[in-house]
$ cat query_15.cif   # mmCIF, C-alpha atoms
data_work
#
loop_
_atom_site.label_atom_id
_atom_site.label_comp_id
_atom_site.auth_asym_id
_atom_site.auth_seq_id
_atom_site.Cartn_x
_atom_site.Cartn_y
_atom_site.Cartn_z
CA MET C 1 -17.35 -33.98 -20.46
CA SER C 2 -19.42 -31.50 -18.50
CA SER C 3 -17.31 -32.06 -15.37
CA SER C 4 -14.08 -31.32 -17.21
CA VAL C 5 -15.53 -28.17 -18.66
CA ALA C 6 -16.69 -27.08 -15.23
CA SER C 7 -13.37 -27.77 -13.56
CA SER C 8 -11.25 -26.11 -16.22
CA PRO C 9 -12.28 -22.51 -15.41
CA ALA C 10 -11.69 -23.19 -11.71
CA ALA C 11 -8.20 -24.47 -12.45
CA ARG C 12 -7.47 -21.46 -14.61
CA ARG C 13 -8.72 -19.11 -11.89
CA ALA C 14 -6.50 -20.80 -9.29
CA PHE C 15 -3.48 -20.39 -11.53
CA ASP C 16 -4.41 -16.85 -12.47
CA TRP C 17 -4.78 -15.49 -8.93
CA ARG C 18 -1.48 -16.99 -7.86
CA LEU C 19 0.22 -15.43 -10.86
CA ARG C 20 -1.36 -12.06 -10.07
CA PHE C 21 -0.44 -12.41 -6.40
CA GLY C 22 3.19 -12.92 -7.35
CA LEU C 23 3.08 -10.01 -9.79
CA LEU C 24 1.62 -7.71 -7.15
CA SER C 25 4.34 -8.73 -4.69
CA LEU C 26 7.02 -7.94 -7.26
CA VAL C 27 5.47 -4.63 -8.29
CA TRP C 28 5.09 -3.33 -4.74
CA GLY C 29 8.49 -4.67 -3.72
CA PHE C 30 10.22 -2.91 -6.62
CA SER C 31 8.26 0.31 -5.97
CA PHE C 32 10.77 1.27 -3.28
CA LEU C 33 13.64 0.80 -5.72
CA PHE C 34 11.81 2.92 -8.31
CA MET C 35 11.36 5.69 -5.72
CA LYS C 36 15.04 5.58 -4.82
CA VAL C 37 16.09 5.89 -8.46
CA GLY C 38 13.55 8.65 -9.08
CA THR C 39 14.70 10.78 -6.16
CA GLU C 40 18.26 10.75 -7.51
CA SER C 41 17.21 13.32 -10.14
CA PHE C 42 13.82 14.65 -9.06
CA ALA C 43 12.50 16.21 -5.87
CA PRO C 44 10.33 13.90 -3.72
CA PHE C 45 7.18 15.89 -4.48
CA GLN C 46 7.95 15.62 -8.19
CA VAL C 47 8.39 11.87 -7.92
CA THR C 48 5.06 11.58 -6.11
CA LEU C 49 3.27 13.81 -8.60
CA GLY C 50 4.63 11.81 -11.51
CA ARG C 51 3.64 8.59 -9.79
CA LEU C 52 0.08 9.81 -9.29
CA VAL C 53 -0.26 11.16 -12.83
CA PHE C 54 0.79 7.85 -14.40
CA GLY C 55 -1.21 5.79 -11.89
CA THR C 56 -4.37 7.84 -12.37
CA ALA C 57 -4.02 7.49 -16.14
CA VAL C 58 -3.99 3.68 -15.86
CA VAL C 59 -7.11 3.63 -13.68
CA ALA C 60 -8.82 6.17 -15.97
CA VAL C 61 -8.23 3.88 -18.95
CA ALA C 62 -9.69 0.95 -16.98
CA MET C 63 -12.73 3.06 -16.12
CA ALA C 64 -13.19 4.03 -19.77
CA VAL C 65 -12.96 0.40 -20.90
CA LYS C 66 -15.54 -0.69 -18.33
CA ARG C 67 -17.62 2.46 -18.90
CA GLU C 68 -17.47 3.39 -15.25
CA ARG C 69 -18.58 6.87 -14.21
CA LEU C 70 -17.11 9.03 -11.49
CA PRO C 71 -19.04 8.96 -8.20
CA ARG C 72 -21.63 11.58 -7.41
CA GLY C 73 -22.51 13.42 -4.24
CA THR C 74 -20.78 16.31 -2.51
CA TRP C 75 -19.96 14.41 0.66
CA THR C 76 -18.63 11.46 -1.31
CA TRP C 77 -16.12 13.78 -2.95
CA VAL C 78 -15.24 15.37 0.39
CA HIS C 79 -14.52 11.95 1.90
CA LEU C 80 -12.54 10.90 -1.19
CA THR C 81 -10.45 14.07 -0.90
CA VAL C 82 -9.46 13.08 2.63
CA ALA C 83 -8.90 9.48 1.54
CA GLY C 84 -6.71 10.60 -1.35
CA PHE C 85 -4.58 12.59 1.05
CA LEU C 86 -4.23 9.86 3.70
CA LEU C 87 -3.87 6.88 1.37
CA ASN C 88 -1.95 8.39 -1.53
CA ALA C 89 -0.63 11.95 -1.42
CA LEU C 90 0.74 11.83 2.14
CA PRO C 91 2.30 8.34 2.36
CA PHE C 92 3.69 8.45 -1.19
CA SER C 93 5.37 11.78 -0.41
CA LEU C 94 6.67 10.65 2.97
CA PHE C 95 8.23 7.53 1.48
CA ALA C 96 9.83 9.58 -1.29
CA PHE C 97 11.31 12.01 1.25
CA SER C 98 12.48 9.15 3.47
CA GLU C 99 14.45 7.57 0.64
CA LEU C 100 16.60 10.65 0.34
CA THR C 101 18.46 9.43 3.43
CA ILE C 102 17.60 5.76 4.02
CA PRO C 103 17.98 2.67 1.80
CA SER C 104 15.01 1.52 -0.24
CA SER C 105 15.19 -1.82 1.58
CA LEU C 106 14.63 -0.12 4.95
CA ALA C 107 11.70 1.86 3.53
CA GLY C 108 10.15 -1.40 2.32
CA ILE C 109 10.54 -2.95 5.76
CA CYS C 110 8.98 0.10 7.41
CA ASN C 111 6.01 -0.33 5.08
CA ALA C 112 5.45 -3.79 6.57
CA THR C 113 4.59 -2.18 9.93
CA SER C 114 1.30 -0.91 8.49
CA PRO C 115 -0.74 -3.89 9.82
CA LEU C 116 0.73 -3.25 13.27
CA TRP C 117 -0.37 0.39 13.23
CA GLY C 118 -3.74 -0.74 11.91
CA MET C 119 -4.18 -3.19 14.76
CA ALA C 120 -3.28 -0.56 17.36
CA LEU C 121 -5.59 2.06 15.85
CA SER C 122 -8.50 -0.34 15.39
CA LEU C 123 -8.55 -1.02 19.13
CA ILE C 124 -9.31 2.66 19.60
CA ALA C 125 -11.33 3.65 16.55
CA LEU C 126 -13.31 0.51 15.69
CA SER C 127 -15.42 -0.75 18.56
CA GLU C 128 -16.48 -3.84 16.59
CA ASP C 129 -12.86 -4.92 16.13
CA ARG C 130 -12.25 -6.64 19.48
CA PRO C 131 -8.71 -7.58 20.49
CA THR C 132 -7.67 -11.14 21.20
CA ARG C 133 -4.64 -12.39 23.09
CA ARG C 134 -3.05 -13.57 19.86
CA ARG C 135 -3.49 -10.21 18.13
CA VAL C 136 -2.22 -8.23 21.12
CA ALA C 137 0.78 -10.56 21.29
CA GLY C 138 1.34 -9.98 17.58
CA LEU C 139 1.32 -6.24 18.18
CA GLY C 140 4.01 -6.55 20.85
CA ILE C 141 6.14 -8.92 18.75
CA GLY C 142 5.84 -6.66 15.72
CA PHE C 143 7.08 -3.58 17.51
CA LEU C 144 9.90 -5.64 19.02
CA GLY C 145 10.83 -6.35 15.41
CA VAL C 146 10.77 -2.63 14.63
CA LEU C 147 13.21 -1.99 17.49
CA THR C 148 15.43 -4.78 16.13
CA VAL C 149 15.46 -3.24 12.66
CA LEU C 150 16.36 0.12 14.18
CA GLY C 151 19.15 -1.42 16.29
CA VAL C 152 17.88 0.27 19.45
CA TRP C 153 20.56 -1.42 21.63
CA GLN C 154 23.17 0.52 19.65
CA GLY C 155 21.45 3.84 20.27
CA PHE C 156 20.36 4.02 16.62
CA HIS C 157 24.03 4.24 15.60
CA GLY C 158 24.42 4.65 11.83
CA LEU C 159 20.68 5.07 11.33
CA ASP C 160 19.09 8.16 9.85
CA VAL C 161 16.36 8.75 12.41
CA THR C 162 14.51 11.39 10.38
CA GLY C 163 14.28 9.28 7.24
CA THR C 164 13.20 6.21 9.19
CA ALA C 165 10.59 8.22 11.10
CA LEU C 166 9.16 9.53 7.81
CA ALA C 167 8.86 5.97 6.45
CA LEU C 168 7.14 4.81 9.64
CA LEU C 169 4.75 7.78 9.48
CA ALA C 170 3.96 6.84 5.89
CA SER C 171 3.06 3.31 6.98
CA LEU C 172 0.90 4.78 9.77
CA SER C 173 -0.98 6.94 7.28
CA TYR C 174 -2.41 3.89 5.49
CA PRO C 175 -4.43 2.42 8.39
CA VAL C 176 -5.59 5.91 9.39
CA GLY C 177 -6.93 6.27 5.86
CA TRP C 178 -8.48 2.81 5.84
CA ILE C 179 -10.32 3.49 9.09
CA TYR C 180 -11.56 6.81 7.74
CA VAL C 181 -12.82 5.17 4.55
CA ARG C 182 -14.44 2.37 6.51
CA ARG C 183 -16.35 4.89 8.60
CA THR C 184 -17.37 7.21 5.76
CA LEU C 185 -17.59 5.27 2.49
CA ALA C 186 -18.38 1.70 3.53
CA GLY C 187 -22.02 2.05 2.47
CA SER C 188 -21.32 3.69 -0.87
CA SER C 189 -23.19 2.33 -3.87
CA HIS C 190 -20.35 3.25 -6.22
CA SER C 191 -17.94 0.62 -7.50
CA HIS C 192 -14.44 0.39 -6.03
CA LEU C 193 -13.01 1.25 -9.46
CA SER C 194 -15.02 4.45 -9.61
CA LEU C 195 -14.03 5.43 -6.07
CA THR C 196 -10.38 4.59 -6.70
CA GLY C 197 -10.28 6.64 -9.89
CA ALA C 198 -11.75 9.67 -8.14
CA GLN C 199 -9.47 9.23 -5.12
CA LEU C 200 -6.33 9.07 -7.25
CA GLY C 201 -7.47 12.04 -9.31
CA LEU C 202 -7.98 14.11 -6.17
CA ALA C 203 -4.59 13.07 -4.77
CA THR C 204 -3.01 14.08 -8.07
CA ALA C 205 -4.70 17.48 -7.85
CA GLN C 206 -3.36 17.95 -4.31
CA LEU C 207 0.22 17.25 -5.43
CA ALA C 208 -0.24 19.42 -8.51
CA VAL C 209 -0.94 22.35 -6.17
CA VAL C 210 1.80 21.58 -3.63
CA THR C 211 4.66 20.63 -5.95
CA PRO C 212 5.17 24.00 -7.70
CA LEU C 213 5.12 25.76 -4.33
CA PHE C 214 8.03 23.79 -2.90
CA THR C 215 10.06 22.75 -5.94
CA SER C 216 11.46 24.30 -9.09
CA MET C 217 11.45 22.83 -12.57
CA PRO C 218 13.98 20.00 -12.99
CA GLY C 219 17.12 20.97 -14.84
CA GLY C 220 16.67 17.93 -17.06
CA PHE C 221 14.79 14.69 -17.46
CA PRO C 222 17.32 11.83 -17.31
CA VAL C 223 15.96 8.71 -18.97
CA VAL C 224 16.50 6.17 -16.17
CA PRO C 225 14.97 8.22 -13.31
CA LEU C 226 12.09 9.24 -15.59
CA LEU C 227 11.41 5.62 -16.49
CA ALA C 228 11.58 4.73 -12.78
CA VAL C 229 8.89 7.31 -11.98
CA ALA C 230 6.77 6.09 -14.89
CA ALA C 231 7.11 2.47 -13.71
CA LEU C 232 6.29 3.55 -10.16
CA GLY C 233 3.04 5.10 -11.34
CA ILE C 234 1.98 2.68 -14.06
CA LEU C 235 2.93 -0.51 -12.23
CA GLY C 236 3.23 0.38 -8.54
CA THR C 237 0.05 2.45 -8.40
CA GLY C 238 -2.28 2.02 -11.36
CA LEU C 239 -1.81 -1.65 -12.21
CA ALA C 240 -1.24 -2.62 -8.57
CA PHE C 241 -4.56 -1.10 -7.50
CA LEU C 242 -6.42 -2.99 -10.22
CA ILE C 243 -4.72 -6.29 -9.34
CA GLN C 244 -5.28 -5.82 -5.61
CA TYR C 245 -9.02 -5.28 -5.81
CA ASP C 246 -9.37 -8.09 -8.32
CA LEU C 247 -7.60 -10.44 -5.91
CA VAL C 248 -9.82 -9.38 -3.01
CA ALA C 249 -12.92 -10.05 -5.09
CA GLU C 250 -11.68 -13.50 -6.14
CA VAL C 251 -9.90 -14.99 -3.12
CA GLY C 252 -11.00 -12.75 -0.26
CA PRO C 253 -9.17 -10.11 1.77
CA THR C 254 -7.30 -12.46 4.11
CA THR C 255 -5.42 -14.18 1.30
CA ALA C 256 -5.01 -11.03 -0.78
CA GLN C 257 -3.46 -8.99 2.02
CA MET C 258 -0.76 -11.62 2.57
CA VAL C 259 1.10 -9.83 -0.21
CA THR C 260 2.20 -7.45 2.56
CA TYR C 261 4.51 -10.15 3.89
CA PHE C 262 6.34 -10.62 0.58
CA THR C 263 6.79 -6.94 -0.29
CA PRO C 264 9.63 -6.16 2.18
CA VAL C 265 11.49 -9.33 1.17
CA ILE C 266 11.45 -8.28 -2.47
CA ALA C 267 12.24 -4.65 -1.62
CA THR C 268 15.28 -5.76 0.40
CA ALA C 269 16.51 -8.17 -2.27
CA ALA C 270 16.10 -5.55 -5.00
CA GLY C 271 17.87 -2.85 -2.99
CA VAL C 272 20.83 -5.06 -2.12
CA ALA C 273 21.18 -6.75 -5.53
CA LEU C 274 20.51 -3.81 -7.87
CA LEU C 275 21.43 -0.74 -5.84
CA GLY C 276 24.27 -2.21 -3.80
CA GLU C 277 22.65 -1.24 -0.48
CA SER C 278 24.33 -2.57 2.65
CA LEU C 279 22.51 -4.92 4.96
CA SER C 280 23.33 -5.61 8.61
CA TRP C 281 22.11 -8.74 10.37
CA SER C 282 19.53 -6.82 12.40
CA THR C 283 17.61 -5.69 9.31
CA PRO C 284 16.45 -9.10 7.97
CA VAL C 285 16.07 -10.52 11.49
CA GLY C 286 13.96 -7.56 12.58
CA ALA C 287 11.95 -7.72 9.36
CA ALA C 288 11.14 -11.39 10.02
CA ILE C 289 9.96 -10.50 13.54
CA VAL C 290 7.85 -7.63 12.17
CA LEU C 291 6.19 -9.93 9.63
CA ALA C 292 5.51 -12.58 12.27
CA GLY C 293 3.86 -10.00 14.50
CA ALA C 294 1.88 -8.54 11.60
CA ALA C 295 0.62 -12.02 10.70
CA LEU C 296 -0.61 -12.55 14.25
CA THR C 297 -2.43 -9.20 14.30
CA GLN C 298 -4.37 -10.26 11.20
CA ALA C 299 -5.44 -13.60 12.70
CA ARG C 300 -9.14 -13.80 13.48
CA PRO C 301 -10.96 -16.74 15.10
CA GLY C 302 -12.88 -18.74 12.55
CA ALA C 303 -11.68 -16.59 9.67
CA THR C 304 -11.92 -18.12 6.23
CA THR C 305 -10.50 -17.05 2.94
CA GLY C 306 -12.13 -16.73 -0.42
CA THR C 307 -15.69 -16.45 0.93
CA ALA C 308 -18.22 -14.13 -0.59
CA GLU C 309 -18.95 -12.23 2.62
CA PRO C 310 -15.41 -11.00 3.38
CA ALA C 311 -14.96 -10.06 -0.25
CA ARG C 312 -18.25 -8.21 -0.24
CA ARG C 313 -17.33 -6.26 2.89
CA THR C 314 -13.88 -5.40 1.61
CA ARG C 315 -15.13 -4.20 -1.76
CA LYS C 316 -16.98 -1.52 0.17
CA ARG C 317 -13.70 -0.15 1.47
CA ASP C 318 -11.43 1.90 -0.67
CA LYS C 319 -8.10 0.48 0.32
CA ALA C 320 -4.76 1.23 -1.15
CA THR C 321 -1.07 0.56 -0.33
CA THR C 322 2.62 0.91 -1.87
#
$ encode --input "query_15.cif" --output "structure tokens"
Amino acid sequence: MSSSVASSPAARRAFDWRLRFGLLSLVWGFSFLFMKVGTESFAPFQVTLGRLVFGTAVVAVAMAVKRERLPRGTWTWVHLTVAGFLLNALPFSLFAFSELTIPSSLAGICNATSPLWGMALSLIALSEDRPTRRRVAGLGIGFLGVLTVLGVWQGFHGLDVTGTALALLASLSYPVGWIYVRRTLAGSSHSHLSLTGAQLGLATAQLAVVTPLFTSMPGGFPVVPLLAVAALGILGTGLAFLIQYDLVAEVGPTTAQMVTYFTPVIATAAGVALLGESLSWSTPVGAAIVLAGAALTQARPGATTGTAEPARRTRKRDKATT
């Protein structure tokens, strides 16, 4: 009897994390569709501001339920201000602007290059993160995939270079932010929920200042685009952040970050099926190559998943994605 009682919670946990993993993949995959629908009626900065307002509200409720307090310390808030810009305000805005001219499916695929940028930057910025032949090979394969997606042999014919460049810059912003957080907030005694709440609040404040300077009040608030922005914030930011950190704590960062490989697949399927976006052969083929390269860059000798030590290290980092 005691053995069955002991095994039951473990079985429930195994089912629960897989369910949450799938939910996170869906939420982040559909985020690019939500952005596309939102930008049909609202300016990109307005979409980003709405996303941050709704997302911050979700995390604030979670903090209130768990009775979490905002972090203290001047330098902690300075670092969180930079983190909020690099991990939220900047990439969210860049993706929103990019989707004015490129399909949501392409934006989702560009997002998958984030591990490649992270690998390249870590070789420079993180001396403890030593390269291996496999990871360097993954970097080369991944960028070959990027060139395939872009159709470089055609001279980028039919591709909006500006929109694609903005999406790639957005994906670059994430690892820059992660490295900054790792260097400045890794030793913080505050919980990840507290740090995330403050970071999102600061990013919201940044967009609240910028948005009125570059946009005018919308002429109306159409229901579908408004719901898309609300879903983008509530699901794609607030709920996604809570699920992501919960997954890292339960199964470890290696398993949790594999959601990155499902996001572009869902984003592409949603864009083609629901928005009628066109898809050439080079897009899915290039995306597959990108994901293969990204997987290799994340490979580490002797790495294990679900251990306490990786989860403990990762909980010290304030990490966020689309």
$ closest_residue --input "query_15.cif" --among "C:Ser41, C:Ser194, C:Thr283, C:Ser122" --to "Pro225 (chain C)" --atoms "only C-alpha atoms"
C:Ser41
$ closest_atom_pairs --input "query_15.cif" --of "region 90-159 of chain C" --to "region 42-62 of chain C" --cutoff "8 Å" --atoms "only C-alpha atoms" --output "tab-separated table"
residue	atom	partner	partner_atom	distance
C:Phe92	CA	C:Thr48	CA	6.0
C:Ser93	CA	C:Thr48	CA	5.7
C:Ala96	CA	C:Pro44	CA	5.0
C:Phe97	CA	C:Pro44	CA	5.4
$ residues_around --input "query_15.cif" --residues "Thr148 (chain C)" --least-positions-apart "4" --cutoff "8 Å" --atoms "all atoms listed in the file" --output "ChimeraX atom specification"
/C:144,152,282-283,285-286
$ residues_around --input "query_15.cif" --residues "Leu279 (chain C)" --least-positions-apart "6" --cutoff "10 Å" --atoms "all atoms listed in the file" --output "number ranges by chain"
C: 103, 105-106, 268-269, 271-272
$ write_last_selection --input "query_15.cif" --atoms "C-alpha atoms" --output "tab-separated table (two decimals), in the frame of the given file"
chain	number	residue	atom	x	y	z
C	103	PRO	CA	17.98	2.67	1.80
C	105	SER	CA	15.19	-1.82	1.58
C	106	LEU	CA	14.63	-0.12	4.95
C	268	THR	CA	15.28	-5.76	0.40
C	269	ALA	CA	16.51	-8.17	-2.27
C	271	GLY	CA	17.87	-2.85	-2.99
C	272	VAL	CA	20.83	-5.06	-2.12
$ resolve_selection --input "query_15.cif" --expression "the PyMOL selection byres ((chain C and resi 76) around 10)" --output "ChimeraX atom specification"
/C:71-75,77-81,184-185,188,190,195,198
$ atom_distance --input "query_15.cif" --atom1 "CA of Leu86 (chain C)" --atom2 "CA of Gly177 (chain C)"
5.0 Å
